[in-house]
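Participant: structure_38.cif (mmCIF, C-alpha atoms) pasted underneath:
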```
data_protein
loop_
_atom_site.label_atom_id
_atom_site.label_comp_id
_atom_site.auth_asym_id
_atom_site.auth_seq_id
_atom_site.Cartn_x
_atom_site.Cartn_y
_atom_site.Cartn_z
CA MET A 19 103.17 -177.83 -103.58
CA SER A 20 100.00 -176.74 -101.82
CA SER A 21 101.84 -173.91 -100.05
CA ILE A 22 103.31 -172.73 -103.35
CA ALA A 23 99.88 -172.79 -104.96
CA ALA A 24 98.41 -170.88 -102.03
CA THR A 25 101.14 -168.26 -102.27
CA ALA A 26 100.60 -167.90 -106.01
CA THR A 27 96.87 -167.53 -105.45
CA THR A 28 97.47 -164.84 -102.81
CA ILE A 29 99.80 -162.90 -105.11
CA SER A 30 97.38 -163.19 -108.02
CA THR A 31 94.49 -162.00 -105.85
CA SER A 32 96.45 -159.01 -104.52
CA ARG A 33 97.40 -158.03 -108.06
CA THR A 34 93.82 -158.18 -109.35
CA LYS A 35 92.19 -156.59 -106.31
CA VAL A 36 90.91 -153.10 -106.99
CA ILE A 37 92.43 -150.74 -104.43
CA GLN A 38 91.38 -147.41 -105.95
CA PRO A 39 88.15 -147.47 -108.01
CA ALA A 40 88.03 -145.62 -111.32
CA TRP A 41 85.97 -142.69 -110.01
CA VAL A 42 88.51 -142.06 -107.23
CA ARG A 43 91.45 -142.11 -109.66
CA VAL A 44 89.81 -139.80 -112.20
CA MET A 45 88.66 -137.26 -109.60
CA HIS A 46 92.01 -137.43 -107.78
CA TRP A 47 94.02 -136.45 -110.87
CA ILE A 48 91.52 -133.76 -111.91
CA ASN A 49 91.72 -132.28 -108.41
CA ALA A 50 95.53 -132.46 -108.48
CA ALA A 51 95.77 -130.64 -111.82
CA ALA A 52 93.22 -127.98 -110.82
CA MET A 53 94.92 -127.42 -107.47
CA ILE A 54 98.35 -126.93 -109.05
CA VAL A 55 96.91 -124.37 -111.49
CA MET A 56 95.15 -122.58 -108.64
CA ILE A 57 98.27 -122.48 -106.48
CA MET A 58 100.56 -121.16 -109.21
CA SER A 59 98.05 -118.58 -110.44
CA GLY A 60 97.25 -117.69 -106.83
CA TRP A 61 100.91 -116.88 -106.21
CA GLN A 62 100.81 -114.46 -109.15
CA ILE A 63 97.66 -112.84 -107.72
CA TYR A 64 99.36 -112.63 -104.32
CA ASN A 65 102.35 -110.86 -105.89
CA ALA A 66 100.06 -108.06 -107.10
CA SER A 67 99.10 -107.27 -103.50
CA PRO A 68 101.30 -109.23 -101.05
CA LEU A 69 100.20 -109.87 -97.49
CA PHE A 70 103.75 -110.32 -96.22
CA ASP A 71 107.19 -108.94 -97.00
CA PHE A 72 107.98 -111.39 -99.78
CA ARG A 73 106.87 -112.30 -103.28
CA PHE A 74 106.87 -115.57 -105.18
CA ASP A 75 109.37 -115.93 -108.00
CA ARG A 76 107.77 -115.46 -111.42
CA SER A 77 109.18 -118.79 -112.58
CA ILE A 78 106.76 -120.65 -110.30
CA THR A 79 103.71 -118.48 -110.99
CA LEU A 80 101.08 -118.75 -113.71
CA GLY A 81 99.36 -116.04 -115.72
CA GLY A 82 102.17 -113.59 -116.36
CA TRP A 83 100.27 -110.68 -114.86
CA LEU A 84 97.29 -110.08 -112.56
CA GLY A 85 94.62 -110.29 -115.26
CA GLY A 86 96.03 -113.48 -116.73
CA ALA A 87 96.44 -115.07 -113.32
CA LEU A 88 92.83 -114.28 -112.43
CA LEU A 89 91.60 -115.96 -115.62
CA TRP A 90 93.57 -119.13 -114.82
CA HIS A 91 92.50 -119.00 -111.17
CA PHE A 92 88.79 -118.69 -111.88
CA ALA A 93 88.89 -121.38 -114.59
CA ALA A 94 90.58 -123.84 -112.22
CA MET A 95 88.26 -122.76 -109.40
CA TRP A 96 85.16 -124.04 -111.22
CA VAL A 97 86.87 -127.31 -112.08
CA LEU A 98 87.99 -127.78 -108.48
CA MET A 99 84.59 -126.85 -107.03
CA LEU A 100 82.53 -129.10 -109.31
CA ASN A 101 84.95 -132.03 -109.20
CA GLY A 102 85.46 -131.62 -105.45
CA LEU A 103 81.72 -131.54 -104.84
CA ALA A 104 81.25 -134.66 -106.96
CA TYR A 105 84.04 -136.35 -104.98
CA LEU A 106 82.46 -135.47 -101.64
CA VAL A 107 78.98 -136.59 -102.67
CA THR A 108 80.25 -139.85 -104.18
CA GLY A 109 82.44 -140.54 -101.18
CA LEU A 110 79.48 -140.09 -98.84
CA VAL A 111 76.97 -142.01 -100.96
CA THR A 112 79.27 -144.98 -101.46
CA VAL A 113 80.18 -144.89 -97.74
CA ARG A 114 83.84 -144.82 -98.80
CA PHE A 115 84.68 -141.97 -96.43
CA ARG A 116 83.23 -143.80 -93.44
CA ARG A 117 85.03 -147.03 -94.32
CA LYS A 118 88.36 -145.40 -95.12
CA LEU A 119 88.59 -142.49 -92.68
CA LEU A 120 86.76 -143.72 -89.59
CA PRO A 121 87.18 -144.54 -86.77
CA LEU A 122 89.90 -142.12 -85.73
CA SER A 123 91.20 -141.33 -82.25
CA PRO A 124 94.05 -139.22 -80.79
CA ALA A 125 95.64 -142.35 -79.35
CA SER A 126 95.73 -144.10 -82.74
CA VAL A 127 97.21 -140.99 -84.40
CA ILE A 128 99.97 -140.73 -81.77
CA ALA A 129 100.75 -144.46 -82.01
CA ASP A 130 100.94 -144.46 -85.82
CA LEU A 131 102.91 -141.21 -85.86
CA LYS A 132 105.53 -142.75 -83.54
CA ALA A 133 105.66 -145.82 -85.77
CA ALA A 134 106.09 -143.64 -88.87
CA LEU A 135 108.89 -141.59 -87.31
CA THR A 136 110.75 -144.79 -86.38
CA PHE A 137 110.11 -146.35 -89.83
CA LYS A 138 108.03 -149.13 -88.29
CA LEU A 139 104.71 -148.22 -89.90
CA SER A 140 103.47 -150.98 -92.17
CA HIS A 141 102.26 -150.23 -95.71
CA ASP A 142 101.48 -153.82 -96.69
CA ASP A 143 97.71 -153.34 -96.94
CA LEU A 144 96.93 -150.36 -99.18
CA THR A 145 93.19 -150.89 -98.75
CA ALA A 146 93.38 -149.66 -95.14
CA TYR A 147 94.62 -146.19 -94.15
CA ASN A 148 96.64 -145.73 -90.99
CA ALA A 149 95.57 -143.11 -88.45
CA VAL A 150 98.01 -140.48 -89.75
CA GLN A 151 96.65 -140.87 -93.28
CA LYS A 152 93.09 -140.62 -92.00
CA LEU A 153 93.90 -137.39 -90.15
CA LEU A 154 95.67 -135.88 -93.17
CA TYR A 155 92.86 -136.76 -95.59
CA LEU A 156 90.12 -135.52 -93.27
CA GLY A 157 92.12 -132.36 -92.63
CA ILE A 158 92.74 -131.62 -96.31
CA ILE A 159 89.02 -132.05 -97.08
CA LEU A 160 88.17 -129.45 -94.41
CA VAL A 161 90.94 -127.13 -95.61
CA GLY A 162 89.68 -127.51 -99.18
CA ILE A 163 86.19 -126.45 -98.12
CA VAL A 164 87.54 -123.41 -96.26
CA VAL A 165 89.80 -122.35 -99.14
CA VAL A 166 86.82 -122.44 -101.51
CA LEU A 167 84.64 -120.42 -99.13
CA THR A 168 87.32 -117.79 -98.56
CA GLY A 169 87.99 -117.67 -102.28
CA LEU A 170 84.31 -117.03 -103.00
CA SER A 171 84.15 -114.34 -100.33
CA MET A 172 87.15 -112.59 -101.90
CA TRP A 173 85.71 -112.95 -105.41
CA LYS A 174 82.29 -111.45 -104.62
CA PRO A 175 82.72 -109.59 -101.30
CA VAL A 176 79.64 -107.39 -101.82
CA GLN A 177 77.25 -110.03 -103.13
CA LEU A 178 78.50 -112.60 -100.61
CA HIS A 179 78.94 -110.19 -97.69
CA TRP A 180 77.38 -112.74 -95.34
CA LEU A 181 80.12 -115.19 -96.29
CA VAL A 182 82.82 -112.56 -95.76
CA SER A 183 81.41 -111.87 -92.30
CA LEU A 184 82.00 -115.51 -91.34
CA PHE A 185 85.74 -114.81 -91.52
CA GLY A 186 85.50 -111.37 -89.91
CA ASP A 187 86.14 -109.11 -92.89
CA TYR A 188 87.76 -109.08 -96.34
CA PRO A 189 91.40 -108.77 -95.11
CA ALA A 190 90.83 -111.61 -92.63
CA ALA A 191 89.45 -113.78 -95.43
CA ARG A 192 92.65 -113.12 -97.43
CA TYR A 193 94.82 -114.26 -94.53
CA VAL A 194 92.73 -117.40 -93.97
CA HIS A 195 92.91 -118.11 -97.71
CA PHE A 196 96.69 -117.77 -97.64
CA VAL A 197 97.04 -120.06 -94.60
CA CYS A 198 94.85 -122.68 -96.30
CA MET A 199 97.02 -122.44 -99.41
CA ALA A 200 100.13 -123.02 -97.28
CA LEU A 201 98.52 -126.04 -95.62
CA ILE A 202 97.58 -127.49 -99.01
CA CYS A 203 101.16 -127.02 -100.22
CA ALA A 204 102.46 -128.78 -97.10
CA PHE A 205 100.00 -131.62 -97.67
CA LEU A 206 101.13 -131.97 -101.29
CA VAL A 207 104.78 -132.20 -100.22
CA ILE A 208 103.98 -134.92 -97.66
CA HIS A 209 101.68 -136.69 -100.13
CA ILE A 210 104.34 -136.78 -102.85
CA LEU A 211 107.05 -137.94 -100.42
CA LEU A 212 104.85 -140.80 -99.23
CA ALA A 213 104.14 -141.78 -102.84
CA LEU A 214 107.87 -141.89 -103.52
CA LEU A 215 108.54 -143.92 -100.35
CA VAL A 216 105.69 -146.34 -101.13
CA PRO A 217 105.66 -146.58 -104.95
CA LYS A 218 102.87 -149.18 -105.00
CA SER A 219 100.47 -146.56 -103.62
CA LEU A 220 101.20 -144.39 -106.68
CA ARG A 221 100.73 -147.38 -108.96
CA ALA A 222 97.36 -148.05 -107.34
CA MET A 223 96.26 -144.47 -108.02
CA ILE A 224 97.19 -144.92 -111.69
CA THR A 225 96.08 -148.49 -112.45
CA GLY A 226 93.71 -149.03 -109.54
CA ARG A 227 95.47 -152.23 -108.48
#
```
Would you write out, as structure tokens, the structure that this file holds?
Facilitator:
Amino acid sequence: MSSIAATATTISTSRTKVIQPAWVRVMHWINAAAMIVMIMSGWQIYNASPLFDFRFDRSITLGGWLGGALLWHFAAMWVLMLNGLAYLVTGLVTVRFRRKLLPLSPASVIADLKAALTFKLSHDDLTAYNAVQKLLYLGIILVGIVVVLTGLSMWKPVQLHWLVSLFGDYPAARYVHFVCMALICAFLVIHILLALLVPKSLRAMITGR
């Protein structure tokens, strides 16, 4: 009887334990919505002056034309910048980033990557990120910062000429911006696949538990 009671207590505790606090969930979904709008409108902007020998299909773009896409892009940009900045500040102040994303080493990444590829990586404890998750989340934060900086340099290349110079010149900033967009899209695909493979992680991001 005592073992049954202990098991029931453990299950009850795991169900009531907060895995994702409210501020993380709210900012996560705001960032997700803003990023999708920026990507789709960005593809329409790209189509107006493509960097490579291809264009995105209109069915997956937003804005209808260059002017409309720019309006959507700039609107989502401010949401993403302000919400992203709030997320970074809150994550640092609450020490969440240090607890969740550190420590991290090449050896731990390689070990967890091998475990993931052989389907031996455990997802029992959602409160702790494995090394691959840590690397992905740290990487996407850095990519997000770069995509904002390149976006600003492309938006105001004269006023922010010093920012443009950090990337070499205006065309270089466009290429870096495109690469960052591609990396974000790749991250989203991996992120969604992991959520589908581990449904309780998606539930935690919705309910917090």
Participant: Please write as an mmCIF file with C-alpha atoms, in the frame of the given file the full residue list that the PyMOL selection byres ((chain A and resi 85-98) around 8) yields on this file.
Facilitator:
```
data_model
loop_
_atom_site.group_PDB
_atom_site.id
_atom_site.type_symbol
_atom_site.label_atom_id
_atom_site.label_comp_id
_atom_site.auth_asym_id
_atom_site.auth_seq_id
_atom_site.Cartn_x
_atom_site.Cartn_y
_atom_site.Cartn_z
ATOM 1 C CA ILE A 48 91.520 -133.760 -111.910
ATOM 2 C CA ASN A 49 91.720 -132.280 -108.410
ATOM 3 C CA ALA A 52 93.220 -127.980 -110.820
ATOM 4 C CA MET A 53 94.920 -127.420 -107.470
ATOM 5 C CA VAL A 55 96.910 -124.370 -111.490
ATOM 6 C CA MET A 56 95.150 -122.580 -108.640
ATOM 7 C CA SER A 59 98.050 -118.580 -110.440
ATOM 8 C CA GLY A 60 97.250 -117.690 -106.830
ATOM 9 C CA GLN A 62 100.810 -114.460 -109.150
ATOM 10 C CA ILE A 63 97.660 -112.840 -107.720
ATOM 11 C CA LEU A 80 101.080 -118.750 -113.710
ATOM 12 C CA GLY A 81 99.360 -116.040 -115.720
ATOM 13 C CA GLY A 82 102.170 -113.590 -116.360
ATOM 14 C CA TRP A 83 100.270 -110.680 -114.860
ATOM 15 C CA LEU A 84 97.290 -110.080 -112.560
ATOM 16 C CA MET A 99 84.590 -126.850 -107.030
ATOM 17 C CA LEU A 100 82.530 -129.100 -109.310
ATOM 18 C CA ASN A 101 84.950 -132.030 -109.200
ATOM 19 C CA GLY A 102 85.460 -131.620 -105.450
#
```
Participant: Which polymer residues have any atom within 9 Å of an atom of Phe74 (chain A), counting all atoms listed in the file, with same-chain residues fewer than 6 positions away left out, as a list in words?
Facilitator: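 So the residues in contact are Trp61, Gln62, Tyr64 and Asn65 of chain A.
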Participant: Name the residues captured by the PyMOL selection byres ((chain A and resi 138-146) around 9) when it is applied to the shown file; answer as number ranges by chain.
Facilitator: A: 36-38, 117-119, 130-137, 147-148, 216, 218-219, 222
Participant: Got a sec: who's within 8 Å of Leu167 (chain A), counting only C-alpha atoms, leaving out chain neighbours fewer than 4 positions off, as an MDAnalysis selection string?
Facilitator: chainID A and resid 163 171 181
Participant: Step by step, work through what the PyMOL selection byres ((chain A and resi 187-197) around 10) selects in the shown file, and finish by giving those residues as an MDAnalysis selection string.
Facilitator: chainID A and resid 60:61 64 69:70 161 164:172 175:176 179:186 198:203
Participant: What is the distance between CA of Leu153 (chain A) and CA of Ile128 (chain A), in Å to one decimal?
Facilitator: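 Value for the CA of Leu153 (chain A)-CA of Ile128 (chain A) distance: 10.9 Å.
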Participant: Restricting the calculation to only C-alpha atoms, which member of A:Arg76, A:Pro217, A:Val111, A:Leu122 is positioned closest to Leu154 (chain A)?
Facilitator: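 For Leu154 (chain A), the nearest of the given residues is A:Leu122.
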